[in-house]
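K.L.:
Here you go, this is query_39.txt (compact mmCIF, C-alpha atoms and all ligand atoms).
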```txt
# COMPACT_ATOMS: atom_id res chain seq x y z
CA MET A 1 -13.53 -5.25 6.21
CA LYS A 2 -13.60 -6.88 2.74
CA VAL A 3 -9.95 -6.87 1.68
CA GLY A 4 -8.31 -8.00 -1.54
CA PHE A 5 -4.65 -9.08 -1.71
CA VAL A 6 -2.70 -9.45 -4.96
CA GLY A 7 0.88 -10.81 -4.85
CA LEU A 8 1.51 -13.70 -2.45
CA GLY A 9 5.30 -13.98 -2.43
CA ILE A 10 7.81 -13.92 0.44
CA MET A 11 6.16 -10.81 1.91
CA GLY A 12 2.56 -11.08 0.67
CA LYS A 13 1.92 -14.50 2.21
CA PRO A 14 2.68 -13.60 5.84
CA MET A 15 1.06 -10.15 5.45
CA SER A 16 -2.18 -11.71 4.18
CA ARG A 17 -2.10 -14.28 6.98
CA ASN A 18 -1.94 -11.43 9.51
CA LEU A 19 -5.03 -9.82 7.92
CA LEU A 20 -6.88 -13.14 8.23
CA LYS A 21 -5.79 -13.49 11.87
CA ALA A 22 -7.20 -10.01 12.57
CA GLY A 23 -10.61 -11.21 11.30
CA HIS A 24 -10.76 -9.50 7.90
CA GLU A 25 -12.61 -11.13 5.00
CA LEU A 26 -9.87 -11.74 2.44
CA VAL A 27 -9.90 -12.55 -1.29
CA VAL A 28 -6.51 -13.27 -2.85
CA TYR A 29 -4.80 -13.64 -6.23
CA ASP A 30 -1.31 -14.38 -7.56
CA VAL A 31 -0.16 -15.54 -11.00
CA VAL A 32 1.33 -18.56 -9.16
CA LYS A 33 -1.61 -20.87 -8.34
CA THR A 34 0.16 -22.77 -5.54
CA ALA A 35 0.65 -19.49 -3.65
CA VAL A 36 -3.11 -18.84 -3.87
CA ASP A 37 -3.87 -22.44 -2.75
CA GLU A 38 -1.75 -21.88 0.39
CA ILE A 39 -3.59 -18.74 1.51
CA VAL A 40 -7.01 -20.17 0.54
CA ALA A 41 -6.18 -23.11 2.85
CA ALA A 42 -5.53 -20.54 5.59
CA GLY A 43 -9.07 -19.12 5.21
CA ALA A 44 -9.05 -16.67 2.27
CA ALA A 45 -11.40 -16.78 -0.75
CA ARG A 46 -9.90 -17.49 -4.19
CA GLY A 47 -9.81 -14.64 -6.70
CA GLU A 48 -9.75 -15.51 -10.40
CA SER A 49 -7.80 -12.38 -11.39
CA ALA A 50 -6.72 -9.03 -9.92
CA ALA A 51 -9.94 -7.53 -11.40
CA ASP A 52 -12.05 -10.19 -9.68
CA VAL A 53 -10.29 -9.52 -6.35
CA ALA A 54 -10.92 -5.77 -6.64
CA ALA A 55 -14.60 -6.25 -7.62
CA ARG A 56 -15.13 -8.10 -4.31
CA SER A 57 -13.14 -5.73 -2.04
CA GLU A 58 -13.42 -2.33 -0.34
CA ILE A 59 -9.63 -2.13 -0.16
CA THR A 60 -7.23 -3.97 -2.51
CA ILE A 61 -3.61 -4.43 -1.45
CA THR A 62 -0.86 -5.21 -3.98
CA MET A 63 2.56 -6.64 -2.98
CA LEU A 64 4.49 -7.23 -6.20
CA PRO A 65 8.17 -7.21 -7.22
CA ASP A 66 8.52 -3.86 -9.06
CA GLY A 67 6.78 -1.11 -11.05
CA PRO A 68 6.11 -3.08 -14.28
CA GLU A 69 4.29 -5.80 -12.30
CA VAL A 70 2.30 -3.18 -10.35
CA GLU A 71 1.28 -1.43 -13.59
CA ALA A 72 0.29 -4.79 -15.14
CA ALA A 73 -1.69 -5.88 -12.08
CA VAL A 74 -3.47 -2.54 -11.54
CA THR A 75 -3.90 -0.89 -14.94
CA GLY A 76 -3.30 -3.84 -17.34
CA PRO A 77 -5.89 -6.25 -18.82
CA GLY A 78 -7.61 -8.19 -16.02
CA GLY A 79 -6.05 -5.75 -13.55
CA VAL A 80 -7.45 -4.17 -10.39
CA LEU A 81 -8.98 -1.20 -12.23
CA GLY A 82 -10.94 -3.59 -14.46
CA GLY A 83 -13.00 -4.57 -11.41
CA ALA A 84 -12.58 -1.90 -8.75
CA ILE A 85 -15.72 -0.16 -7.50
CA ALA A 86 -15.64 3.69 -7.51
CA GLY A 87 -14.82 4.86 -3.99
CA SER A 88 -12.75 1.76 -3.19
CA ILE A 89 -9.05 2.05 -2.28
CA VAL A 90 -5.87 0.54 -3.77
CA VAL A 91 -2.93 0.20 -1.36
CA ASP A 92 0.30 -0.67 -3.18
CA MET A 93 2.81 -2.00 -0.64
CA SER A 94 5.50 -2.97 -3.20
CA SER A 95 8.78 -1.02 -3.36
CA ILE A 96 8.60 0.74 -6.74
CA SER A 97 9.65 3.99 -8.41
CA PRO A 98 7.77 6.98 -6.96
CA LEU A 99 7.13 8.08 -10.56
CA VAL A 100 5.32 4.82 -11.32
CA ALA A 101 3.38 5.14 -8.05
CA GLN A 102 2.20 8.60 -9.15
CA LYS A 103 1.24 7.25 -12.59
CA VAL A 104 -0.79 4.44 -11.02
CA ALA A 105 -2.37 6.95 -8.59
CA ALA A 106 -3.51 9.08 -11.57
CA ALA A 107 -4.97 6.03 -13.37
CA CYS A 108 -6.88 5.14 -10.18
CA ALA A 109 -8.15 8.72 -9.76
CA ALA A 110 -9.47 8.67 -13.35
CA LYS A 111 -11.71 5.73 -12.33
CA GLY A 112 -12.81 7.31 -9.03
CA VAL A 113 -10.59 4.90 -7.07
CA GLU A 114 -8.35 6.14 -4.22
CA PHE A 115 -4.66 5.14 -4.10
CA VAL A 116 -1.91 5.15 -1.49
CA ASP A 117 1.62 3.80 -1.86
CA ALA A 118 2.74 2.06 1.32
CA PRO A 119 6.09 0.28 0.94
CA VAL A 120 7.54 -1.51 3.93
CA SER A 121 10.83 -2.06 5.69
CA GLY A 122 11.67 -5.04 7.89
CA GLY A 123 11.77 -8.07 5.58
CA GLU A 124 10.19 -11.49 5.99
CA PRO A 125 10.69 -11.85 9.78
CA LYS A 126 8.83 -8.61 10.49
CA ALA A 127 6.18 -9.48 7.88
CA ILE A 128 5.59 -12.72 9.81
CA ASP A 129 5.34 -11.12 13.24
CA GLY A 130 3.35 -8.12 11.94
CA SER A 131 5.92 -5.50 12.93
CA LEU A 132 6.85 -3.93 9.57
CA ALA A 133 7.66 -0.20 9.32
CA ILE A 134 5.25 1.19 6.71
CA MET A 135 5.88 4.45 4.79
CA VAL A 136 2.75 5.87 3.22
CA GLY A 137 2.08 8.39 0.44
CA GLY A 138 -1.44 9.68 -0.20
CA LYS A 139 -4.30 11.77 1.17
CA GLN A 140 -4.78 12.09 4.94
CA GLU A 141 -8.43 10.90 4.79
CA VAL A 142 -7.49 7.80 2.78
CA PHE A 143 -4.57 7.09 5.14
CA ASP A 144 -7.01 7.27 8.09
CA LYS A 145 -9.27 4.69 6.41
CA VAL A 146 -6.47 2.19 5.67
CA LEU A 147 -4.57 2.66 8.95
CA PRO A 148 -6.43 -0.11 10.85
CA LEU A 149 -5.43 -2.57 8.09
CA LEU A 150 -1.82 -1.39 8.04
CA GLN A 151 -1.69 -1.85 11.82
CA CYS A 152 -2.44 -5.58 11.31
CA MET A 153 0.78 -5.86 9.29
CA GLY A 154 3.10 -3.29 10.83
CA SER A 155 4.11 -1.76 14.14
CA SER A 156 4.36 1.70 12.58
CA ALA A 157 2.66 3.41 9.63
CA THR A 158 3.69 6.98 8.83
CA LEU A 159 2.03 9.30 6.32
CA THR A 160 5.03 10.94 4.64
CA GLY A 161 3.33 13.10 1.96
CA PRO A 162 1.21 12.78 -1.21
CA ALA A 163 1.12 9.74 -3.54
CA GLY A 164 4.69 8.65 -4.32
CA ALA A 165 6.09 9.97 -1.03
CA GLY A 166 5.99 6.52 0.58
CA ASN A 167 8.31 5.22 -2.14
CA VAL A 168 10.59 8.27 -1.93
CA THR A 169 10.98 7.51 1.78
CA LYS A 170 11.63 3.83 1.05
CA LEU A 171 14.29 4.75 -1.55
CA ALA A 172 15.91 7.10 1.00
CA ASN A 173 16.03 4.15 3.38
CA GLN A 174 17.58 1.87 0.73
CA ILE A 175 20.24 4.46 -0.19
CA MET A 176 21.33 4.80 3.46
CA VAL A 177 21.49 1.02 3.91
CA ALA A 178 23.47 0.34 0.70
CA VAL A 179 26.05 3.07 1.22
CA ASN A 180 26.36 2.14 4.88
CA ILE A 181 27.12 -1.52 4.00
CA ALA A 182 29.65 -0.40 1.37
CA GLY A 183 31.49 1.83 3.88
CA MET A 184 31.44 -0.90 6.51
CA SER A 185 32.88 -3.36 3.97
CA GLU A 186 35.81 -1.10 3.06
CA ALA A 187 36.53 -0.48 6.76
CA LEU A 188 36.54 -4.18 7.67
CA VAL A 189 38.69 -5.10 4.64
CA LEU A 190 41.25 -2.43 5.58
CA ALA A 191 41.39 -3.58 9.21
CA THR A 192 41.71 -7.26 8.24
CA LYS A 193 44.49 -6.55 5.73
CA ALA A 194 46.29 -4.63 8.50
CA GLY A 195 46.22 -7.83 10.53
CA ILE A 196 43.61 -6.76 13.06
CA ASP A 197 40.78 -9.12 14.06
CA PRO A 198 37.65 -7.60 12.35
CA GLU A 199 35.48 -8.67 15.26
CA VAL A 200 37.67 -6.68 17.65
CA VAL A 201 37.31 -3.67 15.33
CA PHE A 202 33.53 -4.14 15.19
CA ASN A 203 33.27 -4.30 18.99
CA ALA A 204 35.59 -1.29 19.40
CA VAL A 205 33.58 1.01 17.11
CA LYS A 206 29.97 -0.10 17.50
CA GLY A 207 29.31 2.12 20.54
CA GLY A 208 30.74 5.22 18.81
CA LEU A 209 29.54 7.43 15.96
CA ALA A 210 30.10 4.68 13.37
CA GLY A 211 27.73 2.37 15.24
CA SER A 212 24.42 1.66 13.47
CA THR A 213 21.64 -0.89 13.09
CA VAL A 214 23.19 -1.79 9.73
CA LEU A 215 26.62 -2.37 11.33
CA ASN A 216 25.13 -4.49 14.13
CA ALA A 217 23.13 -6.62 11.69
CA LYS A 218 25.62 -6.96 8.83
CA ALA A 219 29.17 -6.97 10.28
CA PRO A 220 28.56 -10.28 12.14
CA MET A 221 27.25 -11.80 8.88
CA VAL A 222 30.40 -10.79 6.97
CA ILE A 223 32.78 -11.90 9.74
CA GLY A 224 30.81 -15.16 10.13
CA ARG A 225 30.81 -15.68 6.30
CA ASN A 226 27.01 -16.01 6.31
CA PHE A 227 25.44 -14.44 3.23
CA LYS A 228 22.05 -16.17 3.43
CA PRO A 229 19.33 -13.55 2.70
CA GLY A 230 17.86 -11.46 4.46
CA PHE A 231 17.54 -8.97 1.71
CA ARG A 232 18.68 -10.12 -1.71
CA ILE A 233 21.29 -8.24 -3.76
CA ARG A 234 19.01 -8.27 -6.84
CA LEU A 235 16.17 -6.56 -4.92
CA HIS A 236 18.52 -3.92 -3.56
CA GLN A 237 19.86 -3.36 -7.10
CA LYS A 238 16.24 -2.80 -8.23
CA ASP A 239 15.70 -0.25 -5.44
CA LEU A 240 18.86 1.70 -6.29
CA ARG A 241 17.91 1.67 -9.99
CA ASN A 242 14.56 3.20 -9.02
CA ALA A 243 16.34 5.73 -6.78
CA LEU A 244 18.70 6.75 -9.60
CA SER A 245 15.94 7.08 -12.21
CA ALA A 246 13.82 9.18 -9.83
CA ALA A 247 16.88 11.29 -9.00
CA GLU A 248 17.67 11.80 -12.68
CA ALA A 249 14.11 12.98 -13.34
CA MET A 250 14.58 15.54 -10.54
CA LYS A 251 18.12 16.48 -11.69
CA VAL A 252 19.59 15.25 -8.41
CA SER A 253 23.10 13.79 -8.46
CA LEU A 254 23.62 10.71 -6.24
CA PRO A 255 27.27 9.72 -6.77
CA PHE A 256 27.58 7.24 -3.91
CA THR A 257 24.28 5.53 -4.73
CA SER A 258 25.46 5.26 -8.32
CA LEU A 259 28.69 3.57 -7.24
CA ALA A 260 26.86 1.16 -4.94
CA GLN A 261 24.53 0.31 -7.85
CA GLN A 262 27.52 -0.57 -10.09
CA VAL A 263 28.87 -2.89 -7.38
CA LEU A 264 25.48 -4.63 -7.06
CA ILE A 265 25.30 -5.15 -10.85
CA ALA A 266 28.81 -6.65 -10.86
CA LEU A 267 27.84 -9.00 -8.01
CA MET A 268 24.70 -10.08 -9.90
CA ASN A 269 26.88 -10.91 -12.92
CA LYS A 270 29.04 -13.05 -10.61
CA GLY A 271 25.95 -15.08 -9.65
CA CYS A 272 25.53 -13.39 -6.25
CA GLY A 273 22.07 -11.85 -6.92
CA ASP A 274 20.34 -14.08 -4.41
CA LEU A 275 22.89 -13.57 -1.63
CA ASP A 276 22.26 -11.14 1.22
CA HIS A 277 23.32 -7.55 0.49
CA SER A 278 26.05 -7.91 3.15
CA ALA A 279 27.90 -9.79 0.33
CA ILE A 280 28.83 -6.32 -0.99
CA ALA A 281 31.85 -6.97 1.24
CA THR A 282 33.03 -9.77 -1.09
CA PHE A 283 33.44 -7.24 -3.92
CA ILE A 284 35.80 -5.10 -1.81
CA GLU A 285 37.58 -8.23 -0.52
CA ASP A 286 38.31 -9.41 -4.09
CA MET A 287 39.99 -6.12 -4.93
CA ALA A 288 42.17 -6.30 -1.80
CA GLY A 289 42.89 -10.03 -1.94
CA VAL A 290 41.73 -10.56 1.63
CA GLU A 291 38.74 -12.19 3.34
CA VAL A 292 37.14 -10.50 6.35
CA LYS A 293 37.19 -13.20 9.02
CA ARG A 294 38.70 -13.86 12.42
CA PRO A 295 42.38 -14.89 12.36
P1 LIG B 301 8.34 -12.08 -4.33
O1 LIG B 301 9.00 -12.13 -5.66
O2 LIG B 301 8.59 -13.16 -3.34
O3 LIG B 301 6.73 -11.98 -4.51
C1 LIG B 301 6.07 -11.29 -5.52
C2 LIG B 301 4.80 -12.06 -5.91
O4 LIG B 301 4.09 -11.32 -6.92
C3 LIG B 301 5.09 -13.44 -6.50
O5 LIG B 301 4.34 -14.43 -5.79
C4 LIG B 301 4.62 -13.30 -7.96
O6 LIG B 301 4.09 -14.53 -8.50
C5 LIG B 301 3.55 -12.25 -7.85
N1 LIG B 301 3.23 -11.55 -9.09
C6 LIG B 301 4.09 -11.00 -9.99
N2 LIG B 301 3.41 -10.38 -10.98
C7 LIG B 301 2.09 -10.53 -10.70
C8 LIG B 301 0.89 -10.10 -11.34
N3 LIG B 301 0.92 -9.37 -12.47
N4 LIG B 301 -0.30 -10.43 -10.77
C9 LIG B 301 -0.34 -11.16 -9.63
N5 LIG B 301 0.77 -11.58 -8.96
C10 LIG B 301 1.96 -11.29 -9.50
O7 LIG B 301 8.73 -10.65 -3.71
P2 LIG B 301 8.70 -10.20 -2.17
O8 LIG B 301 10.02 -10.54 -1.53
O9 LIG B 301 7.42 -10.64 -1.55
O10 LIG B 301 8.72 -8.61 -2.34
C11 LIG B 301 7.58 -7.86 -2.75
C12 LIG B 301 7.93 -6.39 -2.68
O11 LIG B 301 8.28 -6.03 -1.33
C13 LIG B 301 9.13 -5.98 -3.55
O12 LIG B 301 8.88 -4.72 -4.11
C14 LIG B 301 10.28 -5.93 -2.56
O13 LIG B 301 11.33 -5.03 -2.95
C15 LIG B 301 9.57 -5.43 -1.31
N6 LIG B 301 10.25 -5.77 -0.05
C16 LIG B 301 10.77 -7.02 0.12
C17 LIG B 301 11.43 -7.32 1.31
C18 LIG B 301 12.05 -8.68 1.53
O14 LIG B 301 12.87 -8.81 2.46
N7 LIG B 301 11.71 -9.70 0.76
C19 LIG B 301 11.54 -6.35 2.33
C20 LIG B 301 10.95 -5.10 2.14
C21 LIG B 301 10.31 -4.82 0.92
```
In structure tokens, what does this structure look like?
P.N.:
Amino acid sequence: MKVGFVGLGIMGKPMSRNLLKAGHELVVYDVVKTAVDEIVAAGAARGESAADVAARSEITITMLPDGPEVEAAVTGPGGVLGGAIAGSIVVDMSSISPLVAQKVAAACAAKGVEFVDAPVSGGEPKAIDGSLAIMVGGKQEVFDKVLPLLQCMGSSATLTGPAGAGNVTKLANQIMVAVNIAGMSEALVLATKAGIDPEVVFNAVKGGLAGSTVLNAKAPMVIGRNFKPGFRIRLHQKDLRNALSAAEAMKVSLPFTSLAQQVLIALMNKGCGDLDHSAIATFIEDMAGVEVKRP
């Protein structure tokens, strides 16, 4: 298949490499030239702009930081819709507001171009080994057409509803992860202040109802004082901002998400934006005057 890829960052680079490995003909573009050079060296063709990429592709994938970048790269000057052929498909795999995804879907429809939103979970390691979890919003027949491509990048791809539904699902995922880390942080701070080894607490509870993938992944990072990302605080803050603005538009109150968002903003102001989101624990530690670590 002739595939276009726009946005060659932490995630886009390994995802595009997996498409090349699967034998697809790839044309790529990023505003950062060195990122394009790297993927061209791996076998892709160079695109001069997002419009140029789309003009040469049956399916164009975008993997960009947030909604404003997706709008610029798809509907802006020199964007995908400036070149896309009617009947082609845009697959936006960025994590953005579902409202922006719907807006971009409508702009695509006006040009006879199909659109699905398909954000991912799993981070860089799963992008590299092609085992991302992909949450898709769009029409069934378009999903069926893009599924073989998604399977080159992920181990699961689920159609969750119409355009925007993929990003609603991704935001639901991000809410559960953030609030889970916040609860875990308070629990470990309390136990440590009480003089109990936090690792003993972790091992005692992980097989019970409080056990979770989040606990297993993040408690050892906090106890080991390792906040290397993983998933950056500033990206999680962006996701919760999108969750809260979507919720506000739907008149849904999300008090715990709101609180987690305030904590992430405070951590960004402390210069922790590029730490792993497990560093939420440091905010709770500061208020208690204790550090979660083994005695
Ligand atoms: P990144 O910042 O590393 O990469 C984004 C790329 O987009 C950059 O190379 C940038 O130069 C490029 N770009 C920006 N505007 C552009 C434009 N107008 N035209 C062309 N290129 C443009 O980000 P990332 O970590 O790869 O994340 C991408 C998306 O995936 C984000 O929405 C993020 O939330 C989501 N995500 C990231 C992770 C992770 O662990 N990194 C995990 C799951 C989902």
K.L.:
A:Tyr29: which residues within 7 Å, counting only C-alpha atoms, same-chain residues fewer than 2 positions away excluded, as a list in words?
P.N.:
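Everything that qualifies: Phe5, Val6, Gly7, Val31, Val36, Arg46, Gly47, Glu48, Ser49, Ala50 and Val53 of chain A.
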K.L.:
With all atoms listed in the file as the counted atoms, please give the residues lying no more than 8 Å from stretch 80-93 of chain A, apart from itself and same-chain residues fewer than 6 positions off, as a list in words.
P.N.:
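Counting all atoms listed in the file, the residues come to Ala50, Ala51, Asp52, Val53, Ala54, Ala55, Ser57, Glu58, Ile59, Thr60, Ile61, Thr62, Met63, Leu64, Val70, Ala73, Val74, Cys108, Lys111, Gly112, Val113, Glu114, Phe115, Val116, Asp117, Ala118, Pro119, Val120 and Val142 of chain A.
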K.L.:
For a test of reading the model, state the distance in Å between atom CA of A:Ala127 and atom C20 of ligand LIG 301 (chain B), rounded to one decimal.
P.N.:
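Atom-to-atom, atom CA of A:Ala127 to atom C20 of ligand LIG 301 (chain B), that is 8.7 Å.
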K.L.:
Choose the residue, out of A:Arg17, A:Arg225, A:Arg294, A:Arg234, that has the smallest atom-to-atom separation from A:Ile196; count all atoms listed in the file.
P.N.:
A:Arg294
K.L.:
Please provide the set of residues having any atom within 10 Å of A:Leu159, restricted to all atoms listed in the file, with same-chain residues fewer than 4 positions apart removed, written as a list in words.
P.N.:
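In the requested form, the answer reads Val116, Asp117, Ala118, Ile134, Met135, Val136, Gly137, Gly138, Lys139, Gln140, Phe143, Asp144, Leu147, Ala163, Ala165 and Gly166 of chain A.
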K.L.:
Go ahead and compute the interatomic distance for atom CA of A:Ile175 and atom CA of A:Leu240, in Å to one decimal.
P.N.:
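Pair atom CA of A:Ile175 / atom CA of A:Leu240 returns 6.8 Å.
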K.L.:
Just how far from atom CA of A:Ile223 is atom CA of A:Asp129, in Å to one decimal?
P.N.:
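Separating atom CA of A:Asp129 from atom CA of A:Ile223 is a distance of 27.7 Å.
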K.L.:
Tell me which of A:Val222, A:Met176, A:Ala217, A:Ile233 sits closest to ligand LIG 301 (chain B), counting only C-alpha atoms and all ligand atoms.
P.N.:
A:Ile233
K.L.:
Which one of A:Lys13, A:Pro295, A:Asp276, A:Pro98 sits closest to A:Asp197 if you count all atoms listed in the file?
P.N.:
A:Pro295
K.L.:
Between A:Val28, A:Ala219, A:Val290, A:Ala187, single out the one closest to ligand LIG 301 (chain B), counting all atoms listed in the file.
P.N.:
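The shortest atom-to-atom distance to ligand LIG 301 (chain B) comes from A:Val28.
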K.L.:
Once you add 8 Å to each side, what are the centre and edge lengths of the axis-aligned box holding all listed atoms of ligand LIG 301 (chain B)? One decimal in Å, as AutoDock Vina command-line options, if you can.
P.N.:
```
--center_x 6.3 --center_y -9.6 --center_z -5.0 --size_x 29.2 --size_y 25.8 --size_z 30.9
```
K.L.:
Using all atoms listed in the file for the distances, tell me which of A:Arg232, A:Lys251, A:Lys2, A:Lys293 is nearest to A:Leu20.
P.N.:
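The answer is A:Lys2, which sits nearest to A:Leu20.
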K.L.:
Select, from A:Leu235, A:Ser156, A:Val100, A:Thr213, the residue with the minimum atom-to-atom distance to ligand LIG 301 (chain B), counting all atoms listed in the file.
P.N.:
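That would be A:Leu235, the residue with the smallest distance to ligand LIG 301 (chain B).
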K.L.:
Dig up all the protein and nucleic acid residues within 10 Å of (4.0, -10.2, 9.2) in the file frame, using all atoms listed in the file, and format them as a PyMOL selection string.
P.N.:
chain A and resi 11-19+122-132+152-155
